[in-house]
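Asks: The structure's right below; bear with me while I get my questions together.
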Amino acid sequence: MSEYILEMKNISKSFSGVKALDNVMLQVKPGEVHALMGENGAGKSTLMKILMGIYSSDGGEIIMNGGKYKANNPKEAMSVGISMIHQELNPILDMPVYENIFVGRELHKGILVDKAAELKEARRLLDDLEISVSPQMMLRDLSVAQCQLIEIIKAISIKAKVIIMDEPTSAITDHEVNVLFSHIESLRKQGTAIIYISHRMEEIFKICDRITVMRDGQYVGTDTVKNLDENKLIKMMVGREITDVFPKLEAEIGEVVLKAKNISRGKRVKDISFDLRRGEILGIAGLVGAGRTELVEGLFGIEKLSAGEIYIHDRKVSIHSPRDAIKHGLALVTEDRKGSGLNLGGTVEDNITTIAIKKLLKGGLVNKSNMRKAADEYIDKLKIKTPSRDQAARNLSGGNQQKIVISKWLLAEPEIIIMDEPTRGIDVGAKRDIYLLMGELVKNGKSVIVISSEIPELMGICDRILVMAEGEMTGALSRGDFSQENIMAYASAIEA
Amino acid sequence: MEKVKKPFDKQRFIKEYGIILIFVVLVAVMTILSPNFAQPKNLINILKQTSINGILSLGMMFVIISGGFDLSVGSIVGVSGVAAAYLGMGEYPLIIPLLACIGLGALFGLGNGIGISFGNLPPFIMTLGMMTVLRGLALVISGGQPVTGISGEYVNISSGFLFGIIPYLAVYFVIAIAICAFVLTKTVYGRRIYSCGGNMLAARVSGINVKAMQTSVYMIAGIMAGVAGFLLTARTTVGAPTAGEGYEMDAITACVIGGVSMNGGTGKWYGVVVGALIISVIANGLDILGVSSHYQKIIKGIIIIVAVLADVNGKNAR
């Protein structure tokens, strides 16, 4: 009997002649948490989609639970005991939570749906994972983080032998992560194997037993967590050493450029005041539901403020729409790049030139050559990996997509750039590029506000960190006073 | 975790059942505007008018909720109506033309379904093509002329009354409503239709056979259209090749007014029923008031726009 519950051997896959996977191997033991790591584009998601029956492999074999295995669709994968938490959330927005949880495997009596049983089970699962959401709420009314938690519930409740978790914590913060981890522990004790895909090193080293690394569609190696450290791991993933994960450039911090006074938005943002200085990177930390995204959406004019004033360069401004915000020199890179940041069907060039298009006109008309030049300039500046500027945005990896969104904003030459979770779901290399970019921006006299759920990230790159909890500002720290415990305490609204 | 009992949510109530309120108000207004409106004879007329379109709308409802769109149902009515007329002249028991209509409807629906789910044709294009082909087919089979001479028994299917007062057509409509409502709200199949329409990708990765679901809803729409064709021939006493022209628009209108979103994933069966009734009530009421059919078209269009405005903005208000 093999010591492995799952073996993927010599898996290859090409898409239109481009080799996405080249003889990749993965072996997973029962009851282990096995990390699958690699930069974006390394092929991790592709490999898992083959396992889930969403794609079919061109070559190689898979052995599941001792028997040869090939899933032609997700249903077959699930019936053999494999389930997946997808990186790209698939919520059915106009359906209540309890129906979403049981999509495709509805609880039933004969041909009739057993709603009562579904509600009961849904309530139990929600309570188990400590999610304070009613099973009858519509997914449309939930936040991105809550949707991700529902996705987690879906996979866990299938009672699989192998659960694939693809970036399960990208939208949730530390408290929920701990709850998830305790569930992973109990799953592990039951003998369930978990394939864990994440870019968050801290989590990998905390919960995983072994790590398999992929690079550019190829298998690099597997080792136990004990034998690896962050540097060794990065070297395997990237093929070169990266000495500092959070590069911090020196920038002169100047006068106050933005003053927010008593900003309120109903119950979600309560009386927030803060200053932002030239050359400064200001971080905003907090748990899910703290109101950080709501705060910046209010500042940017996407949603109405119920109270508060905004001063830019000491002059009071009224911002009623994103158009006003842009006129006053603000930029907002949103939390959800696929939902509100990109024109997925458009090309790299289309996306980059969206906002600042008026600057690229010639004689009042669209000028292709100007647009091309602008796109090329930013593809170069931000090291965007794309075969051409005419590549559709949806075909690029997460990191490159994010760079396109940022380019779009930078082309408009803003003074104050707000970034909401800019490095979510992005690999180490691209993250570093974005940190360096932020450093460049403030060095040149701009100011940056960054919202993030990764406290180490904020501590690495910010000059000051504001902490929000339940709509209020509970703490403000300068670089010298940064400490993970303090920030967590403020975020949990506990007296530090 | 504390569970707070939710107070009566007025906004949610209006959103869910508002269409019924609108219908009641509409009937009241029509009654006030003209005393002839509320006469039993007129009300029966309205019921009869609604039944055939209502059955068609119910079939369309399945398609739209699943995220699709069907322009061909009107033509299916025409073709099956012609076939039913040929088979309904007394030679065969009436079950034969009925089965023929159901069979043809299922067949054409299957064609739509295969083109859309396996051929990856956009529903609009596929059903547009089918609509044109079938209209031509109806003309060919009938030789361009209405098929006359259906049996008295067949005519009675539409003109007869249950217990002397309830029109048979209304009975068929109620049966159709019962079946459709049951399937949509109580069965696993019905739940999956909403899943597919709500997020096709999510449905697929959750193991639902999306292609089979898509094909099946077009077959349902086809079957309902076949039945509608069977009944229409009885009602008009001829199998006209041009019958049903434009009926797909009324079916879509009924769904839209009834709160079925064009994006799929939402919609209630009672909304569609009320939607079909509203269309008939308005047409009937305006007729009695002497408003020309030209103006009626304008009014119908305005109602569609208002109904969709309410749906879209209701969703965005958070």
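We label chains A, B, ... in the order they appear in the structure tokens, count residues from 1 in each chain, and number ligands from 1 in the order shown.
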Using only C-alpha atoms, find the residues of chain A whose closest atom to chain B is at most 7 Å away, then write them as a short mmCIF file (atom, residue, chain, number, x, y, z; two decimals) with N, CA and C atoms, in the first residue's frame.
Replies:
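The result, written out as out03.cif:
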data_model
loop_
_atom_site.label_atom_id
_atom_site.label_comp_id
_atom_site.auth_asym_id
_atom_site.auth_seq_id
_atom_site.Cartn_x
_atom_site.Cartn_y
_atom_site.Cartn_z
N ASN A 73 -15.24 15.83 -14.87
CA ASN A 73 -15.93 17.03 -14.42
C ASN A 73 -15.86 17.08 -12.90
N PRO A 74 -16.17 18.25 -12.34
CA PRO A 74 -16.05 18.40 -10.89
C PRO A 74 -16.88 17.40 -10.11
N LYS A 75 -18.03 17.00 -10.66
CA LYS A 75 -18.87 16.08 -9.91
C LYS A 75 -18.14 14.76 -9.67
N ASN A 90 -16.74 32.13 -6.36
CA ASN A 90 -17.87 31.90 -7.25
C ASN A 90 -19.17 32.02 -6.50
N PRO A 91 -19.49 33.20 -6.01
CA PRO A 91 -20.75 33.31 -5.28
C PRO A 91 -21.92 33.44 -6.24
N ILE A 92 -23.05 32.87 -5.87
CA ILE A 92 -24.27 33.11 -6.63
C ILE A 92 -24.97 34.22 -5.85
N LEU A 93 -24.83 35.43 -6.36
CA LEU A 93 -25.19 36.60 -5.58
C LEU A 93 -26.63 36.67 -5.12
N ASP A 94 -27.58 36.28 -6.01
CA ASP A 94 -28.98 36.47 -5.64
C ASP A 94 -29.59 35.23 -5.01
N VAL A 103 -24.98 24.12 -3.31
CA VAL A 103 -25.11 24.08 -4.77
C VAL A 103 -24.54 22.77 -5.31
N GLY A 104 -25.30 22.09 -6.15
CA GLY A 104 -24.80 20.88 -6.78
C GLY A 104 -24.94 19.65 -5.90
N GLU A 106 -27.52 19.47 -3.31
CA GLU A 106 -28.66 19.90 -2.50
C GLU A 106 -29.14 18.76 -1.59
N ILE A 111 -36.98 13.80 -5.22
CA ILE A 111 -36.67 14.89 -6.12
C ILE A 111 -36.91 16.24 -5.47
N LEU A 112 -37.41 16.22 -4.22
CA LEU A 112 -37.72 17.48 -3.55
C LEU A 112 -36.56 17.97 -2.71
N VAL A 113 -36.36 19.28 -2.73
CA VAL A 113 -35.31 19.87 -1.91
C VAL A 113 -35.75 19.86 -0.44
#
Asks: If we count only C-alpha atoms, what is near range 331-340 of chain A at a cut-off of 10 Å, once residues fewer than 4 positions away on the same chain are taken out, given as a ChimeraX atom specification?
Replies: /A:88,144,171,293,296-297,299-300,322,325-327,344,393-394,398,401-402,404-406,408-410,412-424,448-452
Asks: Select from range 100-224 of chain A everything DSSP, run on the backbone, classes as alpha helix (DSSP H), then give the selection as a ChimeraX atom specification.
Replies: /A:100-101,115-128,144-156,174-189,201-207
Asks: Extract, using only C-alpha atoms, all DNA, RNA and protein residues at most 8 Å from range 382-388 of chain A, discarding same-chain residues fewer than 6 positions from it, and format them as an MDAnalysis selection string.
Replies: chainID A and resid 348 396 400 403:404 407 433 437
Asks: Give me, as a list in words, all polymer residues having an atom no more than 12 Å from range 290-300 of chain B, counting only C-alpha atoms and skipping those fewer than 4 positions away in the same chain.
Replies: Leu33, Ser34, Met249, Asp250, Thr253, Ala254, Val256, Ile257, Gly275, Ile278, Ile279, Ser280, Val281, Ile282, Ala283, Asn284, Gly285, Leu286, Ile304, Ile305, Val306 and Ala307 of chain B
Asks: Once you count only C-alpha atoms, what closest atom pair and distance in Å to one decimal does each residue of range 189-303 of chain A within 12 Å of range 477-484 of chain A have, with rows by chain and rising residue number, as a tab-separated table?
Replies:
residue	atom	partner	partner_atom	distance
A:Lys248	CA	A:Arg479	CA	11.6
A:Glu280	CA	A:Arg479	CA	11.3
A:Ile281	CA	A:Arg479	CA	10.5
A:Leu282	CA	A:Ser478	CA	9.5
A:Gly283	CA	A:Leu477	CA	9.6
A:Ile284	CA	A:Leu477	CA	10.3
A:Ala285	CA	A:Leu477	CA	10.6
A:Gly286	CA	A:Gln484	CA	11.8
Asks: Could you write out the selected residues, including C-alpha atoms, as a PDB file, in the first residue's frame?
Replies:
ATOM      1  CA  LYS A 248      11.639  50.365   2.451  1.00  0.00           C
ATOM      2  CA  GLU A 280       4.286  59.239   3.576  1.00  0.00           C
ATOM      3  CA  ILE A 281       2.988  55.675   3.322  1.00  0.00           C
ATOM      4  CA  LEU A 282       0.047  55.442   5.708  1.00  0.00           C
ATOM      5  CA  GLY A 283      -1.328  52.010   6.469  1.00  0.00           C
ATOM      6  CA  ILE A 284      -4.815  51.122   7.653  1.00  0.00           C
ATOM      7  CA  ALA A 285      -5.099  47.853   9.552  1.00  0.00           C
ATOM      8  CA  GLY A 286      -8.149  46.092  10.906  1.00  0.00           C
TER       9      GLY A 286
END
Asks: May I have the residues within 10 Å of Val171 in chain B as a ChimeraX atom specification, using only C-alpha atoms and disregarding those fewer than 3 positions away in the same chain?
Replies: /B:47-48,51,161-162,166-168,174-177
Asks: Which residues are near Leu295 in chain A? Cut-off 10 Å, only C-alpha atoms, ignore same chain within fewer than 6 positions. Put them as a list in words.
Replies: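 My reading of the contact set: Ile263, Ser264, Arg265, Arg268, Val269, Lys270, Ile272, Glu303, Leu305, Met468 and Gly471 of chain A.
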Asks: Would you output that residue set with C-alpha atoms, as a short mmCIF file (atom, residue, chain, number, x, y, z; two decimals), in the first residue's frame?
Replies:
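Printed below is result-v1.cif as written:
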data_model
loop_
_atom_site.label_atom_id
_atom_site.label_comp_id
_atom_site.auth_asym_id
_atom_site.auth_seq_id
_atom_site.Cartn_x
_atom_site.Cartn_y
_atom_site.Cartn_z
CA ILE A 263 -15.67 61.17 8.45
CA SER A 264 -18.79 59.11 9.02
CA ARG A 265 -20.86 56.77 6.92
CA ARG A 268 -20.02 51.51 9.14
CA VAL A 269 -17.60 54.42 9.50
CA LYS A 270 -17.80 56.40 12.73
CA ILE A 272 -12.69 59.03 11.60
CA GLU A 303 -20.49 56.25 -1.67
CA LEU A 305 -20.64 60.33 3.51
CA MET A 468 -9.79 50.47 12.72
CA GLY A 471 -16.05 51.51 12.19
#
Asks: Can you pull out the residues contacting Tyr219 in chain A? Cut-off 12 Å, using only C-alpha atoms, and skip same-chain residues under 4 positions away; I want them as a ChimeraX atom specification.
Replies: /A:8-12,20-27,36-38,42-44,47,211-215,236-237
Asks: Please produce a file of those selected residues containing C-alpha atoms, as a PDB file, in the first residue's frame.
Replies:
ATOM      1  CA  MET A   8       0.043  13.052  -9.573  1.00  0.00           C
ATOM      2  CA  LYS A   9       2.849  11.894 -11.871  1.00  0.00           C
ATOM      3  CA  ASN A  10       4.277  13.448 -15.020  1.00  0.00           C
ATOM      4  CA  ILE A  11       1.331  15.743 -15.558  1.00  0.00           C
ATOM      5  CA  SER A  12       1.610  17.898 -18.648  1.00  0.00           C
ATOM      6  CA  ALA A  20       1.481  25.389 -18.785  1.00  0.00           C
ATOM      7  CA  LEU A  21       2.605  22.176 -17.070  1.00  0.00           C
ATOM      8  CA  ASP A  22       5.661  20.104 -17.931  1.00  0.00           C
ATOM      9  CA  ASN A  23       5.934  16.699 -16.219  1.00  0.00           C
ATOM     10  CA  VAL A  24       4.817  17.930 -12.831  1.00  0.00           C
ATOM     11  CA  MET A  25       4.684  15.683  -9.790  1.00  0.00           C
ATOM     12  CA  LEU A  26       2.760  15.930  -6.555  1.00  0.00           C
ATOM     13  CA  GLN A  27       2.482  13.348  -3.797  1.00  0.00           C
ATOM     14  CA  LEU A  36       1.912  23.968  -3.117  1.00  0.00           C
ATOM     15  CA  MET A  37       3.934  27.055  -3.807  1.00  0.00           C
ATOM     16  CA  GLY A  38       5.218  29.012  -6.723  1.00  0.00           C
ATOM     17  CA  ALA A  42       3.900  28.667 -12.089  1.00  0.00           C
ATOM     18  CA  GLY A  43       0.970  26.380 -12.842  1.00  0.00           C
ATOM     19  CA  LYS A  44      -0.445  25.638  -9.402  1.00  0.00           C
ATOM     20  CA  LEU A  47      -2.574  21.505 -11.775  1.00  0.00           C
ATOM     21  CA  ILE A 211       6.022  21.984   0.668  1.00  0.00           C
ATOM     22  CA  THR A 212       6.153  21.302  -3.060  1.00  0.00           C
ATOM     23  CA  VAL A 213       7.488  24.119  -5.192  1.00  0.00           C
ATOM     24  CA  MET A 214       6.705  24.772  -8.847  1.00  0.00           C
ATOM     25  CA  ARG A 215       8.304  27.259 -11.186  1.00  0.00           C
ATOM     26  CA  MET A 236      13.254  27.684  -4.959  1.00  0.00           C
ATOM     27  CA  MET A 237      10.226  29.655  -6.138  1.00  0.00           C
TER      28      MET A 237
END
Asks: Could you check how far CA of Asp166 in chain A sits from CA of Tyr435 in chain A, in Å to one decimal?
Replies: 23.7 Å
Asks: For the atom pair CA of Leu71 in chain B and CA of Leu21 in chain B, what is the interatomic distance in Å to one decimal place?
Replies: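 Taking CA of Leu71 in chain B as the start and CA of Leu21 in chain B as the end point, the length is 29.5 Å.
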